[in-house]
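Following: one structure in structure tokens, then a few remarks.
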There are 2 protein chains.
Amino acid sequence: MIERHLARLRLRHEISESDVALIRGAIAEVREIPAGRTLVEAGERLRVSTLVLDGLLCRYKDMKDGQRQIAELHVPGDFADLHSYTLKRLDHSILTLTPCRVAVVPHVELARITKASERLAYVYWFSTNLDAAIHREWVLSLGRRNALARMAALFCELQARLQVVALADQTGFALPLNQTQLAECLGLTSVHVNRVLKELRTRDLVTFRGGHVSIRDLAGLQRVAEFDPGYLYLERQPAD
Amino acid sequence: MIERHLARLRLRHEISESDVALIRGAIAEVREIPAGRTLVEAGERLRVSTLVLDGLLCRYKDMKDGQRQIAELHVPGDFADLHSYTLKRLDHSILTLTPCRVAVVPHVELARITKASERLAYVYWFSTNLDAAIHREWVLSLGRRNALARMAALFCELQARLQVVALADQTGFALPLNQTQLAECLGLTSVHVNRVLKELRTRDLVTFRGGHVSIRDLAGLQRVAEFDPGYLYLERQPAD
């Protein structure tokens with residue numbers, strides 16, 4: 001059940017069988033949640049964190065006029081709100097973008113397993129810092145990439161992250177989002193997203209249709225995005 | 001020497017005298033660094049983290065054409081790169097924006113003190129998650145706030161963060177940055193920053209001159225920014 005989570009962890013760190021047992025033992029329940037459900041409201045007191053087994057979730061913030069900005073997408077294998085283990089309430093909300101299956105991990109269990117295993121404490125701390133690194137790349141995208149490069153960078157990021165959990169290959173991946181949701185990731189309007197998708201298709205780099213991203217030219221896409229996967233820390237981490 | 005760091009920690013968490021002794025004991029050296037010095041290069045292998053005693057630092061990423069995006073500003077009392085304790089190399093560089101005095105804390109010492117004190121481990125984990133919360137607010141700013149609200153939000157954030165370490169009050173704070181550096185925070189051009197500063201002054205909200213931010217109307221500024229300090233977690237955190 002947590003194979004994708006383990007694949008994600010084991011790409012970067014050595015995870016022992018006893019650590020795996022601790023993680024499995026920390027799961028209180030598994031929930032199936034429909035699309036479009038707000039799982040966590042900004043500001044509410046939290047006592048559990050959510051591990052994504054299947055589906056896509058996002059963290060978002062809204063302006064008063066209803067404009068929405070998505071701050072991160074979460075894919076299977078991710079904790080969507082491990083940050084709440086230390087923050088106790090979140091500064092943003094968490095929404096299911098597709099039907100999701102999630103594992104609920106109470107904070108008391110996180111406390112227990114990170115006390116039992118220094119390694120797990122370190123690995124989960126790393127994991128939240130990896131989220132921060134993804135946030136920084138989005139800051140760069142929104143601040144300095146043009147709309148075309150922004151969209152290309154998002155596709156490159158998702159390709160790399162989904163490949164870790166065997167949900168993408170070099171030719172593409174499922175992405176059951178609509179253009180409004182893409183616009184909310186990219187700080188653009190849906191109309192602008194539509195135009196950019198058309199240009200990426202015309203340039204024969206990538207086609208987004210029917211909830212699927214078909215990559216025609218990954219190297220070309222990465223070039224347009226100035227994509228450097230360094231911020232995703234996709235390699236085995238040094239032991240010390 | 002670490003009073004500002006302690007003020008920052010103690011606002012949110014109970015820090016015992018033995019924790020303070022651990023933190024003091026973890027500092028290997030104090031360095032004085034001129035302005036404009038790159039302290040950490042993206043990608044280099046790191047074995048120390050940097051605690052800001054005096055001055056302003058930033059984390060930044062550059063595009064290939066030289067466009068720079070600052071991802072976060074660091075003020076006295078902050079760790080500028082505690083993330084490197086788990087990430088071991090950073091996806092961004094760290095630059096002194098003013099002359100800085102910093103304390104160097106080796107990762108082996110961070111390992112030692114976070115093993116010795118579960119509380120410190122938790123508090124420093126929280127601290128990196130707070131950085132992530134600040135990143136998310138900047139994602140919102142860059143994605144959805146207009147230029148005026150973006151600048152207002154940055155001033156509100158800095159006022160709140162600097163007040164924690166007694167370097168700001170309701171009437172303003174020192175901010176020895178130029179308009180180019182502000183532009184690099186806000187994803188704008190310097191020309192645009194100049195125009196926005198003029199509008200904030202005309203509206204009698206805030207004046208930025210000679211490296212000082214004079215706040216004429218904090219409530220008005222916060223209204224323009226739609227500033228909600230919730231993302232800065234300025235209150236005592238729940239114990240459990």
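Naming works like this for the structure tokens: A, B, ... for the chains as they're shown, residue 1 at the start of each chain, ligands 1 onward in shown order.
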Against chain A, which residues of chain B fall within 9 Å? For each one I want the closest pair of atoms and the distance in Å (one decimal), counting only C-alpha atoms, rows by chain and increasing residue number, as a tab-separated table.
```
residue	atom	partner	partner_atom	distance
B:Gly43	CA	A:Gly230	CA	7.8
B:Tyr60	CA	A:Leu140	CA	8.6
B:Lys61	CA	A:Leu140	CA	6.8
B:Asp62	CA	A:Leu140	CA	8.1
B:Met63	CA	A:Arg144	CA	7.4
B:Lys64	CA	A:Glu226	CA	7.7
B:Gln67	CA	A:Arg144	CA	6.9
B:Arg68	CA	A:Arg144	CA	7.4
B:Gln69	CA	A:Leu140	CA	5.7
B:Ile70	CA	A:Leu140	CA	7.9
B:Ala71	CA	A:Arg136	CA	5.8
B:Glu72	CA	A:Arg136	CA	8.5
B:His83	CA	A:Asn129	CA	6.1
B:Ser84	CA	A:Asn129	CA	8.8
B:Tyr85	CA	A:Phe126	CA	8.5
B:Thr86	CA	A:Phe126	CA	5.1
B:Leu87	CA	A:Phe126	CA	6.3
B:Lys88	CA	A:Pro238	CA	7.5
B:Leu90	CA	A:Tyr231	CA	7.7
B:Asp91	CA	A:Tyr231	CA	4.9
B:His92	CA	A:Tyr231	CA	8.3
B:His107	CA	A:Asp240	CA	8.9
B:Val108	CA	A:Asp240	CA	8.5
B:Lys115	CA	A:Glu118	CA	8.2
B:Glu118	CA	A:Lys115	CA	8.2
B:Tyr122	CA	A:Thr86	CA	7.0
B:Val123	CA	A:Thr86	CA	7.9
B:Trp125	CA	A:Trp125	CA	6.3
B:Phe126	CA	A:Thr86	CA	5.1
B:Ser127	CA	A:Thr86	CA	8.8
B:Thr128	CA	A:Asn129	CA	6.8
B:Asn129	CA	A:His83	CA	6.1
B:Leu130	CA	A:Leu87	CA	7.7
B:Asp131	CA	A:Ala132	CA	7.4
B:Ala132	CA	A:Ala132	CA	4.7
B:Ala133	CA	A:Asp91	CA	6.8
B:His135	CA	A:His135	CA	5.9
B:Arg136	CA	A:Ala71	CA	5.8
B:Glu137	CA	A:Lys61	CA	8.3
B:Trp138	CA	A:Val139	CA	6.7
B:Val139	CA	A:Val139	CA	5.3
B:Leu140	CA	A:Gln69	CA	5.7
B:Ser141	CA	A:Gln69	CA	9.0
B:Leu142	CA	A:Leu142	CA	5.7
B:Gly143	CA	A:Gly187	CA	4.0
B:Arg144	CA	A:Gly187	CA	6.1
B:Arg145	CA	A:Met63	CA	8.1
B:Glu184	CA	A:Gly143	CA	8.3
B:Cys185	CA	A:Gly143	CA	8.2
B:Leu186	CA	A:Gly143	CA	6.9
B:Gly187	CA	A:Gly143	CA	4.0
B:Leu188	CA	A:Gly143	CA	7.5
B:Glu226	CA	A:Met63	CA	7.6
B:Gly230	CA	A:Asp91	CA	6.3
B:Tyr231	CA	A:Asp91	CA	4.9
B:Leu232	CA	A:Asp91	CA	8.5
B:Tyr233	CA	A:Leu87	CA	7.9
B:Gln237	CA	A:Lys88	CA	7.8
B:Pro238	CA	A:Lys88	CA	7.5
B:Asp240	CA	A:Val108	CA	8.5
```
From a DSSP pass on the backbone, collect the residues of region 126-231 of chain B flagged as alpha helix (DSSP H) and hand them back as number ranges by chain.
-> B: 126-144, 147-164, 179-186, 190-202, 218-225
What's the 12 Å shell around Arg209 (chain B), counting only C-alpha atoms, without same-chain residues fewer than 3 positions away, as a count of residues only?
-> 17
Write down as number ranges by chain the residues of region 3-191 of chain B whose backbone DSSP state falls under strand (DSSP E or B).
-> B: 29-33, 38-40, 48-54, 57-62, 68-74, 79, 93-96, 100-106, 168-169, 172-174
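When CA of Gly55 (chain B) is paired with CA of Gly77 (chain B), their separation reads 9.8 Å.
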Find the residues near Arg101 (chain B): any atom within 7 Å, counting only C-alpha atoms, skip ones fewer than 6 places away on the same chain, and give them as a PyMOL selection string.
-> chain B and resi 30-33+52-55
With only C-alpha atoms as the basis for distance, which of A:Ala80, A:Leu97, A:Ala225, A:Ile113 is at the shortest distance from Met151 (chain A)?
->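 Smallest distance to Met151 (chain A) is found for A:Ala225.
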Within 10 Å of Ala35 (chain B), counting only C-alpha atoms, which residues qualify if same-chain residues fewer than 5 places away don't, as a VMD selection string?
-> chain B and resid 55 to 57 95 to 100
Shell of 10 Å around region 159-168 of chain B, only C-alpha atoms, local chain residues under 2 positions omitted, as an NGL selection string | :B and (3-11 or 74-78 or 153-157 or 170-175 or 213 or 215 or 218 or 229 or 232 or 234)
Just-selected residues, C-alpha atoms written as a PDB file, in the first residue's frame:
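Just written: part_7.pdb:
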```pdb
ATOM      1  CA  GLU B   3      19.745  36.871  21.713  1.00  0.00           C
ATOM      2  CA  ARG B   4      17.844  37.567  18.499  1.00  0.00           C
ATOM      3  CA  HIS B   5      17.839  33.902  17.593  1.00  0.00           C
ATOM      4  CA  LEU B   6      16.526  33.072  21.048  1.00  0.00           C
ATOM      5  CA  ALA B   7      13.874  35.807  20.831  1.00  0.00           C
ATOM      6  CA  ARG B   8      12.725  34.265  17.576  1.00  0.00           C
ATOM      7  CA  LEU B   9      12.606  30.744  18.995  1.00  0.00           C
ATOM      8  CA  ARG B  10      11.017  31.745  22.309  1.00  0.00           C
ATOM      9  CA  LEU B  11       8.173  33.602  20.640  1.00  0.00           C
ATOM     10  CA  HIS B  74      16.799  36.493   6.020  1.00  0.00           C
ATOM     11  CA  VAL B  75      16.915  38.827   8.982  1.00  0.00           C
ATOM     12  CA  PRO B  76      18.922  38.685  12.217  1.00  0.00           C
ATOM     13  CA  GLY B  77      17.950  35.687  14.329  1.00  0.00           C
ATOM     14  CA  ASP B  78      17.216  33.473  11.292  1.00  0.00           C
ATOM     15  CA  ALA B 153       2.985  42.517   1.414  1.00  0.00           C
ATOM     16  CA  LEU B 154       6.788  42.440   1.467  1.00  0.00           C
ATOM     17  CA  PHE B 155       6.917  45.498   3.741  1.00  0.00           C
ATOM     18  CA  CYS B 156       4.263  43.977   6.043  1.00  0.00           C
ATOM     19  CA  GLU B 157       6.195  40.706   6.251  1.00  0.00           C
ATOM     20  CA  GLN B 170       4.809  50.068  14.079  1.00  0.00           C
ATOM     21  CA  THR B 171       6.426  53.132  12.488  1.00  0.00           C
ATOM     22  CA  GLY B 172       9.056  51.396  10.390  1.00  0.00           C
ATOM     23  CA  PHE B 173      12.437  49.717  10.123  1.00  0.00           C
ATOM     24  CA  ALA B 174      15.820  49.963   8.435  1.00  0.00           C
ATOM     25  CA  LEU B 175      15.937  48.234   5.044  1.00  0.00           C
ATOM     26  CA  VAL B 213      10.900  52.130   5.530  1.00  0.00           C
ATOM     27  CA  ILE B 215       5.228  53.368   7.789  1.00  0.00           C
ATOM     28  CA  LEU B 218       0.223  50.152   8.917  1.00  0.00           C
ATOM     29  CA  PRO B 229       0.232  37.301   9.479  1.00  0.00           C
ATOM     30  CA  LEU B 232       4.400  33.723  10.013  1.00  0.00           C
ATOM     31  CA  LEU B 234       3.915  34.572  15.396  1.00  0.00           C
TER      32      LEU B 234
END
```
Could you state the separation of CA of Phe79 (chain A) and CA of Leu120 (chain A) in Å, given to one decimal place?
->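 Interatomic distance, CA of Phe79 (chain A) to CA of Leu120 (chain A): 13.6 Å.
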What's the 7 Å shell around Ala28 (chain B), counting only C-alpha atoms, without same-chain residues fewer than 3 positions away, as a list in words?
-> Val104, Val105 and Pro106 of chain B
Can I get the selection written as a compact mmCIF listing (two decimals), in the first residue's frame, with all heavy atoms?
```
# COMPACT_ATOMS: atom_id res chain seq x y z
N VAL B 104 28.64 30.38 12.55
CA VAL B 104 28.75 29.17 11.74
C VAL B 104 28.48 27.95 12.63
O VAL B 104 29.14 27.78 13.66
CB VAL B 104 30.16 29.07 11.12
CG1 VAL B 104 30.32 27.77 10.34
CG2 VAL B 104 30.43 30.29 10.23
N VAL B 105 27.50 27.16 12.24
CA VAL B 105 27.14 25.98 13.03
C VAL B 105 27.35 24.72 12.17
O VAL B 105 26.59 24.47 11.24
CB VAL B 105 25.67 26.05 13.49
CG1 VAL B 105 25.32 24.85 14.36
CG2 VAL B 105 25.41 27.36 14.24
N PRO B 106 28.38 23.94 12.49
CA PRO B 106 28.65 22.73 11.70
C PRO B 106 27.49 21.73 11.81
O PRO B 106 26.83 21.63 12.85
CB PRO B 106 29.90 22.15 12.36
CG PRO B 106 30.54 23.31 13.07
CD PRO B 106 29.40 24.17 13.52
```
Could you please determine the separation between CA of Ala152 (chain A) and CA of Val224 (chain A) in Å, to one decimal place?
->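 One can read the CA of Ala152 (chain A) to CA of Val224 (chain A) distance as 6.6 Å.
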